[in-house]
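> Sending over a structure as C-alpha cells; questions will come in a sec.
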Amino acid sequence: MESENKLNKAIKDKSLITNKVQNLLSDDIRNAKINFDYSSLEGLEDSEKQELSKCEKSLLFQGKQMGIMTFEIGKALYKAKDILKKSQSDSFMKWYEALGLSKDQVSVFIGRYQLVIDYPTSKERILMLSDIAVKETLNKNTPQEVINKVLSGEIATSKQIKEARKEELVSKEIEEAEILDNETISYDKVEKVLRKIESKLTKNVKFEVYKELKKVLKILTEGGKDESKI
C-alpha cells in the first residue's frame, strides 16, 4: 500500500512538472515572433493571416519541444560515450547502432549538447538550430567569430553560416597578407634560409631552380634591377 502511494505521488509530481514545463513553453512561444511581416501579404483575409500566425506559434512550440528532446538525447549519448571509453574502442558505435542511430545523427546530438554546455547563456538559440546549422557551426573550419554570430542570433541557417565562414576566412587571409607585406624580417632569419638553400645546392643545379633563385635575387635587389646578366 505504501509503495503504491509513493508511486502515485511520483506520477503526480511528474505530471505537475510536465504541466509547468508546458506552461512555460506556451508563455514563451506566445511572446515569440519570427521576422515576417504578415501585413505585407496581399489578397489574404485577416482571418487567414491570423491562422498563419497560429501555425507559426504551433511550429515554434513544436520546435522548442524538439530542441529540448534533442538536448536530452545528446546528454544521454554523451554520458554513454564517456562510460564506454573503458570498453572496446568501437563499443560506443556498436551501442548506438543497436539503438538504430547513425554516426551522423549521434554527432549532431552530442554536438548540440556540447554547444549548450559550452555556451549555456545561448541555450535557447542552440536548441532552435537545425541539424545542418549545428553541423556547420561545429565545422572545424568555422572560426570563433562566426560561432559568436550564431550564438547572438545574427545568423542561424546553414547557408548564412557557410557564407559568414567564407567571408571571415577571406578577411583573415587579407589581414595576414597585409601584415606580411609590411613586416621586416631580421637578417638572422634571412641568413638561416640562405644557409638552408646553400646546403641543398649541388655543383650543378636544374635550370628551373636557377630561374627561381634569380627571381629571389631580383626581389632582394634594390629597385628590382634586371639581373639577366648574372
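Following the order of the C-alpha cells, chains are lettered A, B, ..., residues in each are numbered from 1, and ligands are numbered from 1.
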Using DSSP on the backbone coordinates, identify the residues of stretch 46-176 of chain A assigned to helix (DSSP H, G or I); present them as a PDB file with C-alpha atoms, in the first residue's frame.


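Listed below is the output, states06.pdb:
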```pdb
ATOM      1  CA  ASP A  46      -7.395  38.915 -41.739  1.00  0.00           C
ATOM      2  CA  SER A  47      -8.725  35.563 -40.532  1.00  0.00           C
ATOM      3  CA  GLU A  48      -6.270  33.775 -42.852  1.00  0.00           C
ATOM      4  CA  LYS A  49      -3.375  35.871 -41.582  1.00  0.00           C
ATOM      5  CA  GLN A  50      -4.404  35.018 -38.023  1.00  0.00           C
ATOM      6  CA  GLU A  51      -4.453  31.336 -38.976  1.00  0.00           C
ATOM      7  CA  LEU A  52      -0.915  31.670 -40.354  1.00  0.00           C
ATOM      8  CA  SER A  53       0.147  33.279 -37.087  1.00  0.00           C
ATOM      9  CA  LYS A  54      -1.306  30.291 -35.206  1.00  0.00           C
ATOM     10  CA  CYS A  55       0.646  27.931 -37.481  1.00  0.00           C
ATOM     11  CA  GLU A  56       3.777  29.937 -36.686  1.00  0.00           C
ATOM     12  CA  LYS A  57       3.204  29.603 -32.923  1.00  0.00           C
ATOM     13  CA  SER A  58       2.494  25.883 -33.278  1.00  0.00           C
ATOM     14  CA  LEU A  59       5.699  25.289 -35.239  1.00  0.00           C
ATOM     15  CA  LEU A  60       7.734  27.346 -32.779  1.00  0.00           C
ATOM     16  CA  PHE A  61       6.252  25.363 -29.908  1.00  0.00           C
ATOM     17  CA  GLN A  62       6.971  22.002 -31.556  1.00  0.00           C
ATOM     18  CA  GLY A  63      10.465  23.197 -32.478  1.00  0.00           C
ATOM     19  CA  LYS A  64      11.067  24.170 -28.865  1.00  0.00           C
ATOM     20  CA  GLN A  65       9.951  20.752 -27.652  1.00  0.00           C
ATOM     21  CA  MET A  66      12.132  19.034 -30.254  1.00  0.00           C
ATOM     22  CA  GLY A  67      15.079  21.148 -29.139  1.00  0.00           C
ATOM     23  CA  ILE A  68      14.618  20.052 -25.524  1.00  0.00           C
ATOM     24  CA  MET A  69      14.271  16.428 -26.632  1.00  0.00           C
ATOM     25  CA  THR A  70      17.428  16.541 -28.773  1.00  0.00           C
ATOM     26  CA  PHE A  71      19.327  18.118 -25.870  1.00  0.00           C
ATOM     27  CA  GLU A  72      18.304  15.250 -23.554  1.00  0.00           C
ATOM     28  CA  ILE A  73      19.236  12.660 -26.197  1.00  0.00           C
ATOM     29  CA  GLY A  74      22.622  14.342 -26.647  1.00  0.00           C
ATOM     30  CA  LYS A  75      23.140  14.357 -22.895  1.00  0.00           C
ATOM     31  CA  ALA A  76      22.394  10.614 -22.659  1.00  0.00           C
ATOM     32  CA  LEU A  77      24.690   9.825 -25.601  1.00  0.00           C
ATOM     33  CA  TYR A  78      27.471  11.939 -24.110  1.00  0.00           C
ATOM     34  CA  LYS A  79      27.257  10.041 -20.809  1.00  0.00           C
ATOM     35  CA  ALA A  80      27.136   6.678 -22.574  1.00  0.00           C
ATOM     36  CA  LYS A  81      30.177   7.574 -24.684  1.00  0.00           C
ATOM     37  CA  ASP A  82      32.104   8.552 -21.564  1.00  0.00           C
ATOM     38  CA  ILE A  83      31.232   5.257 -19.846  1.00  0.00           C
ATOM     39  CA  LEU A  84      32.017   3.108 -22.895  1.00  0.00           C
ATOM     40  CA  SER A  91      31.831  -0.377 -28.377  1.00  0.00           C
ATOM     41  CA  PHE A  92      30.101   3.031 -28.400  1.00  0.00           C
ATOM     42  CA  MET A  93      29.455   2.782 -32.128  1.00  0.00           C
ATOM     43  CA  LYS A  94      28.030  -0.737 -31.745  1.00  0.00           C
ATOM     44  CA  TRP A  95      25.897   0.506 -28.857  1.00  0.00           C
ATOM     45  CA  TYR A  96      24.288   3.437 -30.688  1.00  0.00           C
ATOM     46  CA  GLU A  97      23.872   1.429 -33.889  1.00  0.00           C
ATOM     47  CA  ALA A  98      21.926  -1.133 -31.835  1.00  0.00           C
ATOM     48  CA  LYS A 103      27.184   8.203 -36.784  1.00  0.00           C
ATOM     49  CA  ASP A 104      25.915  11.459 -38.309  1.00  0.00           C
ATOM     50  CA  GLN A 105      22.884  11.607 -36.004  1.00  0.00           C
ATOM     51  CA  VAL A 106      24.963  10.898 -32.908  1.00  0.00           C
ATOM     52  CA  SER A 107      27.472  13.545 -33.926  1.00  0.00           C
ATOM     53  CA  VAL A 108      24.733  16.187 -34.196  1.00  0.00           C
ATOM     54  CA  PHE A 109      23.035  15.149 -30.919  1.00  0.00           C
ATOM     55  CA  ILE A 110      26.283  15.257 -28.949  1.00  0.00           C
ATOM     56  CA  GLY A 111      27.468  18.362 -30.777  1.00  0.00           C
ATOM     57  CA  ARG A 112      24.315  20.298 -29.907  1.00  0.00           C
ATOM     58  CA  TYR A 113      24.566  19.174 -26.276  1.00  0.00           C
ATOM     59  CA  GLN A 114      28.242  20.214 -26.126  1.00  0.00           C
ATOM     60  CA  LEU A 115      27.414  23.633 -27.589  1.00  0.00           C
ATOM     61  CA  VAL A 116      24.830  24.185 -24.851  1.00  0.00           C
ATOM     62  CA  ILE A 117      27.337  23.141 -22.176  1.00  0.00           C
ATOM     63  CA  ASP A 118      29.989  25.454 -23.645  1.00  0.00           C
ATOM     64  CA  PRO A 120      24.752  27.979 -21.583  1.00  0.00           C
ATOM     65  CA  THR A 121      23.505  31.560 -21.992  1.00  0.00           C
ATOM     66  CA  SER A 122      22.692  30.807 -25.653  1.00  0.00           C
ATOM     67  CA  LYS A 123      20.846  27.562 -24.940  1.00  0.00           C
ATOM     68  CA  GLU A 124      17.530  28.688 -26.456  1.00  0.00           C
ATOM     69  CA  ARG A 125      19.114  29.672 -29.772  1.00  0.00           C
ATOM     70  CA  ILE A 126      21.210  26.499 -29.940  1.00  0.00           C
ATOM     71  CA  LEU A 127      18.158  24.290 -29.350  1.00  0.00           C
ATOM     72  CA  MET A 128      16.316  26.022 -32.206  1.00  0.00           C
ATOM     73  CA  ASP A 131      20.752  19.836 -37.572  1.00  0.00           C
ATOM     74  CA  ILE A 132      22.573  21.167 -40.651  1.00  0.00           C
ATOM     75  CA  ALA A 133      23.185  24.505 -38.912  1.00  0.00           C
ATOM     76  CA  VAL A 134      24.624  22.659 -35.904  1.00  0.00           C
ATOM     77  CA  LYS A 135      26.986  20.716 -38.198  1.00  0.00           C
ATOM     78  CA  GLU A 136      28.150  23.910 -39.894  1.00  0.00           C
ATOM     79  CA  THR A 137      28.676  25.607 -36.530  1.00  0.00           C
ATOM     80  CA  LEU A 138      30.769  22.655 -35.344  1.00  0.00           C
ATOM     81  CA  GLN A 144      35.039  31.685 -33.314  1.00  0.00           C
ATOM     82  CA  GLU A 145      33.835  34.978 -34.806  1.00  0.00           C
ATOM     83  CA  VAL A 146      31.207  33.092 -36.842  1.00  0.00           C
ATOM     84  CA  ILE A 147      30.212  30.921 -33.868  1.00  0.00           C
ATOM     85  CA  ASN A 148      29.638  34.128 -31.893  1.00  0.00           C
ATOM     86  CA  LYS A 149      27.294  35.375 -34.634  1.00  0.00           C
ATOM     87  CA  VAL A 150      25.308  32.139 -34.396  1.00  0.00           C
ATOM     88  CA  LEU A 151      25.095  32.390 -30.607  1.00  0.00           C
ATOM     89  CA  SER A 152      23.937  36.008 -30.760  1.00  0.00           C
ATOM     90  CA  SER A 158      23.484  26.675 -42.608  1.00  0.00           C
ATOM     91  CA  LYS A 159      23.738  28.898 -45.700  1.00  0.00           C
ATOM     92  CA  GLN A 160      24.371  32.002 -43.576  1.00  0.00           C
ATOM     93  CA  ILE A 161      26.991  30.162 -41.517  1.00  0.00           C
ATOM     94  CA  LYS A 162      28.803  28.946 -44.660  1.00  0.00           C
ATOM     95  CA  GLU A 163      28.819  32.450 -46.150  1.00  0.00           C
ATOM     96  CA  ALA A 164      29.980  34.042 -42.880  1.00  0.00           C
ATOM     97  CA  ARG A 165      32.751  31.440 -42.560  1.00  0.00           C
ATOM     98  CA  LYS A 166      33.954  32.119 -46.102  1.00  0.00           C
ATOM     99  CA  GLU A 167      33.922  35.896 -45.535  1.00  0.00           C
ATOM    100  CA  GLU A 168      35.791  35.563 -42.245  1.00  0.00           C
ATOM    101  CA  LEU A 169      38.468  33.302 -43.728  1.00  0.00           C
ATOM    102  CA  VAL A 170      38.989  35.652 -46.690  1.00  0.00           C
ATOM    103  CA  SER A 171      39.190  38.607 -44.314  1.00  0.00           C
ATOM    104  CA  LYS A 172      41.849  36.836 -42.215  1.00  0.00           C
ATOM    105  CA  GLU A 173      43.879  35.968 -45.309  1.00  0.00           C
ATOM    106  CA  ILE A 174      43.846  39.635 -46.367  1.00  0.00           C
ATOM    107  CA  GLU A 175      44.897  40.748 -42.876  1.00  0.00           C
ATOM    108  CA  GLU A 176      47.741  38.226 -42.785  1.00  0.00           C
TER     109      GLU A 176
END
```

> Could you tell me how far atom CA of A:Lys215 sits from atom CA of A:Glu198, in Å to one decimal place?

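It comes out at 16.0 Å.
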